[in-house]
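To keep things clear, I will list the structure first and then write my remarks on it.
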Amino acid sequence: MPSSRSSRALAVALLAVLLGALLPAATAQAASRTVQGGRLDWGIKSSFQSYVTGPIANGSWSLTGGAATVGGSQFRFHSATGSYDPDTGAFSSGFSGGVHFTGHKKADGSNELDLTISRPTVRISGGDGTLYADMVSKERGTGKVSNRSQVPLAKLALGGIDMRGGSTPVALTNVPTTLTAEGASAFAGYYTAGTPLDPVSLSVDTKGAAQPKPSAPAKKDDGSGPGEKAEKDAAKDEAEREKAGRFEDAAVDWGVRRTFREYVTGSIGQGEWKLADGAEDGGALFRFPKGKGTYDAKKQTLDAEFSGSVRFTGAHDLDLRLAAVTVAVAKGEGTLSADVTSEGRTTKSVPLVTFEAEDFAPERGLAHLTEAPATLTAEGSKAFGSLYKAGTAMDPVSLAVAVDEKAQLPALPDLGSAPTAAAEPSAKPSAEPSAAPVAAASDSGPGAGTWAAIGGGVLLLLGAVAAFFALRRRGGQPAAGAPDSPQTS
C-alpha cells in the first residue's frame with residue numbers, strides 16, 4: 001500500500017518538524033529567570049505591634065530603608081532581587097527596607113524592648129519555604145544586644161502550592177508563617193518557636209537572563225580623535241560649571257507623613273492621592289525629580305526647584321495639593337517648600353518642613369542626604385489645617401544632587417509592576433494561601449508568547465495526527481471532490 005506508507009511517512013515528518021520547533025520554546029520557558037522588582041507585604045505579628053504601641057510597652061515603631069505600610073497592619077518591603085526557576089519551582093528573592101520597634105523606656109532614656117527586622121528574604125525549594133531577615137535585638141531581661149544577618153525567622157506553610165511553571169509576576173497570597181527556633185532566639189525571647197506569625201504576600205517581576213551584547217571593536221587612535229585641545233576645553237567647561245554652581249540632576253524624596261497617608265486612605269478619610277507633573281511613587285515616599293538650580297560644594301549650599309505634584313483628596317472636604325517643590329540648604333539646615341492649594345486657594349512657596357543637612361558635601365560626584373529627620377514649620381501646620389502642630393516630626397527627607405554627569409541618583413524603591421488581584425493582601429487574611437503562583441493576567445509577559453506558540457503547535461500536531469488516521473481509514477483513496485493524493489515514484 002504505497003499511499004498508506006506515504007501518508008505515514010508524511011505524518012512522521014510533520015511530527016518531527018513540530019516537535020523540533022516546540023521543544024526549544026519549552027526549554028526557553030523553563031530557563032532560570034531573574035527576579036527584578038516587586039514587593040513583600042508582612043505584618044510580622046499584628047498582636048506584637050499592638051503590644052509595642054499599647055499601654056504596657058508604651059512604645060512605637062518606625063520604618064527604615066524605604067519600607068512602607070499597606071492596609072491596617074502590614075509592612076511593605078520593596079525592590080525585590082533574586083532568581084526563579086520555573087522548571088523546578090526554586091525561588092529566592094530578597095527585599096529592601098526594615099522596621100524598628102522600641103518600647104519599655106527606662107529611666108536612662110534607653111528602651112528595654114529594641115528590635116529591628118530588615119531585608120527579608122524568601123527562599124523556596126522542594127516544597128519548603130523559609131523567610132530570612134537581618135535582626136538586631138536586645139534580649140529580654142539581660143539587655144544583651146545581638147546583631148544577626150539573615151536569620152531563618154519564619155517557616156512558610158506551602159501545602160498545595162506548586163511553584164513550577166509561573167510567568168511574571170510571580171505572586172503568593174496570605175501564606176501562613178510560624179516562628180522558627182532561630183527566629184525565637186533573635187526575637188529577644190518574646191515568643192517561642194512554633195508561634196504563628198502573620199501571613200506573607202509577595203509579588204515579584206521576573207525576566208529572562210540578559211544576553212551579552214557584542215562589544216564594539218576598539219577604535220585605533222589615528223590622531224583624528226579628541227586631542228589635547230579637546231581635553232583642555234572639557235576641563236575648562238567643567239570648571240566653569242562648578243564655578244557657576246550648576247548641577248546635572250537632582251531629586252528630593254519625601255512621604256509627607258506616614259500617618260497622614262494612612263488617614264487619607266483609611267476608613268475616616270476614605271480618599272486617595274494622585275501624582276502628576278512627573279512625580280513618582282516609591283511606596284513610602286514621593287519623588288520630585290528633575291531638580292534645577294545652584295549648588296556650592298565648598299559652602300554646602302543648595303537652591304533648587306523640582307517638578308511633580310501630589311494631591312490628597314477624601315471625605316470631610318479633604319483636598320490638599322502640593323506642587324512646585326523647592327529645597328534650600330544653608331548652614332547645616334534644609335527647608336522644603338511648596339505651593340499649597342487647599343479650599344480652592346493657592347499659597348506660593350510655603351516652607352513646610354525643615355531638616356538636618358550637616359554633611360552635604362559631594363562624594364563621587366553626588367551630594368546626598370538619606371532620610372534626614374524633618375519637622376513641621378508653623379506655616380506647614382497652617383497648610384495642613386492645623387491637623388499637626390508646629391514641631392511635629394514629619395517623614396524624613398532624602399535629597400540627592402548629581403554634580404558630575406556620570407553620577408547616578410539613588411534608585412527609587414521598586415515595587416514591581418501592577419500586582420495581580422491575587423497578590424494583594426486581603427483585609428482579613430484567609431487561613432489558606434492561594435494554590436499556585438500567579439502568572440500575569442496580560443499576554444505581555446515573557447512567558448506568554450512561548451505558551452501561546454506551544455498551544456498553537458499542539459493544535460497543528462493534533463491536526464496532523466487526525467489527518468494521518470483519516471488517510472489510514474480511507475485506505476489511501478482520495479476523498480470525493482478532493483485532489484488525488486501524491487503518488488510515490
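Residue numbering restarts at 1 in every chain; chains get A, B, ... in the order shown in the C-alpha cells, and ligands count up from 1 in that same order.
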
Which residues come within 6 Å of region 251-254 of chain A, counting only C-alpha atoms, excluding same-chain residues fewer than 4 positions away, as a ChimeraX atom specification?
-> /A:285-289,291,397-400

For the residues selected in the previous step, produce a file with N, CA and C atoms as a short mmCIF file (atom, residue, chain, number, x, y, z; two decimals), in the first residue's frame.
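Output (part06.cif):
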data_model
loop_
_atom_site.label_atom_id
_atom_site.label_comp_id
_atom_site.auth_asym_id
_atom_site.auth_seq_id
_atom_site.Cartn_x
_atom_site.Cartn_y
_atom_site.Cartn_z
N LEU A 285 7.17 56.96 49.94
CA LEU A 285 7.61 58.33 49.69
C LEU A 285 7.22 58.74 48.29
N PHE A 286 7.28 60.03 48.06
CA PHE A 286 7.06 60.59 46.73
C PHE A 286 8.37 61.20 46.25
N ARG A 287 8.70 60.95 45.00
CA ARG A 287 9.91 61.55 44.44
C ARG A 287 9.53 62.72 43.54
N PHE A 288 10.16 63.87 43.83
CA PHE A 288 10.03 65.05 42.99
C PHE A 288 11.35 65.19 42.23
N PRO A 289 11.34 64.92 40.92
CA PRO A 289 12.59 64.80 40.15
C PRO A 289 12.96 66.07 39.39
N GLY A 291 15.52 68.16 39.33
CA GLY A 291 15.91 69.36 40.05
C GLY A 291 16.80 70.28 39.24
N VAL A 397 13.44 63.42 54.96
CA VAL A 397 13.71 63.91 53.61
C VAL A 397 15.00 63.27 53.10
N SER A 398 14.94 62.76 51.89
CA SER A 398 16.14 62.29 51.20
C SER A 398 16.38 63.19 50.00
N LEU A 399 17.62 63.60 49.83
CA LEU A 399 17.96 64.58 48.80
C LEU A 399 19.23 64.13 48.09
N ALA A 400 19.24 64.22 46.78
CA ALA A 400 20.43 63.84 46.00
C ALA A 400 20.65 64.82 44.88
#

Backbone DSSP call of strand (DSSP E or B) for region 62-301 of chain A, listed as number ranges by chain = A: 62-64, 68-70, 74-84, 91-96, 98-105, 111-125, 128-138, 145-156, 170-179, 196-208, 249-254, 272-276, 280-281, 286-288, 292-296, 301

Which one is closest to Thr69 (chain A): A:Thr265, A:Ser381, A:Thr301, A:Ser307? Count only C-alpha atoms.
-> A:Thr265

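Comparing the minimum interatomic distances between Thr346 (chain A) and each of A:Asp41, A:Glu371, A:Asp319, A:Asp414, counting only C-alpha atoms, we find that A:Asp319 sits nearest.
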
DSSP-assigned helix (DSSP H, G or I) members of region 277-387 of chain A, reported as a PyMOL selection string | chain A and resi 378-383

Please save N, CA, C and O atoms of the selected residues as a CSV table (one decimal), in the first residue's frame.
chain,number,residue,atom,x,y,z
A,378,ALA,N,5.7,76.3,61.4
A,378,ALA,CA,4.4,76.9,61.7
A,378,ALA,C,3.6,77.1,60.5
A,378,ALA,O,2.3,76.9,60.5
A,379,GLU,N,4.2,77.5,59.4
A,379,GLU,CA,3.5,77.7,58.1
A,379,GLU,C,3.0,76.4,57.6
A,379,GLU,O,1.9,76.3,57.0
A,380,GLY,N,3.8,75.3,57.8
A,380,GLY,CA,3.4,74.0,57.4
A,380,GLY,C,2.1,73.5,58.2
A,380,GLY,O,1.3,72.9,57.6
A,381,SER,N,2.1,73.9,59.4
A,381,SER,CA,1.0,73.5,60.3
A,381,SER,C,-0.3,74.1,59.7
A,381,SER,O,-1.4,73.4,59.6
A,382,LYS,N,-0.2,75.4,59.3
A,382,LYS,CA,-1.4,76.0,58.8
A,382,LYS,C,-1.8,75.4,57.4
A,382,LYS,O,-3.0,75.2,57.1
A,383,ALA,N,-0.8,75.0,56.6
A,383,ALA,CA,-1.1,74.3,55.4
A,383,ALA,C,-1.9,73.0,55.5
A,383,ALA,O,-2.7,72.7,54.7

Tell me which protein, DNA and RNA residues are within 12 Å of Lys45 (chain A), counting only C-alpha atoms, leaving out same-chain ones fewer than 6 positions away, and put them as number ranges by chain.
-> A: 51-52, 73-75, 101, 117, 154, 176-179, 187, 190-191, 195-200

Which polymer residues have any atom within 6 Å of an atom of Gly37 (chain A), counting only C-alpha atoms, with same-chain residues fewer than 3 positions away left out, as JSON, numbers by chain?
-> {"A": [79, 80, 204, 205, 414, 415, 416]}

Rank nothing, just name the residue among A:Ser96, A:Thr121, A:Ser83, A:Ser110 nearest to Leu412 (chain A), using only C-alpha atoms.
-> A:Ser96

Skip Thr180 (chain A) itself and residues of its chain fewer than 2 positions away, then list as a VMD selection string all residues within 7 Å of it, counting only C-alpha atoms.
-> chain A and resid 152 to 155 178 182 to 184 193 to 194
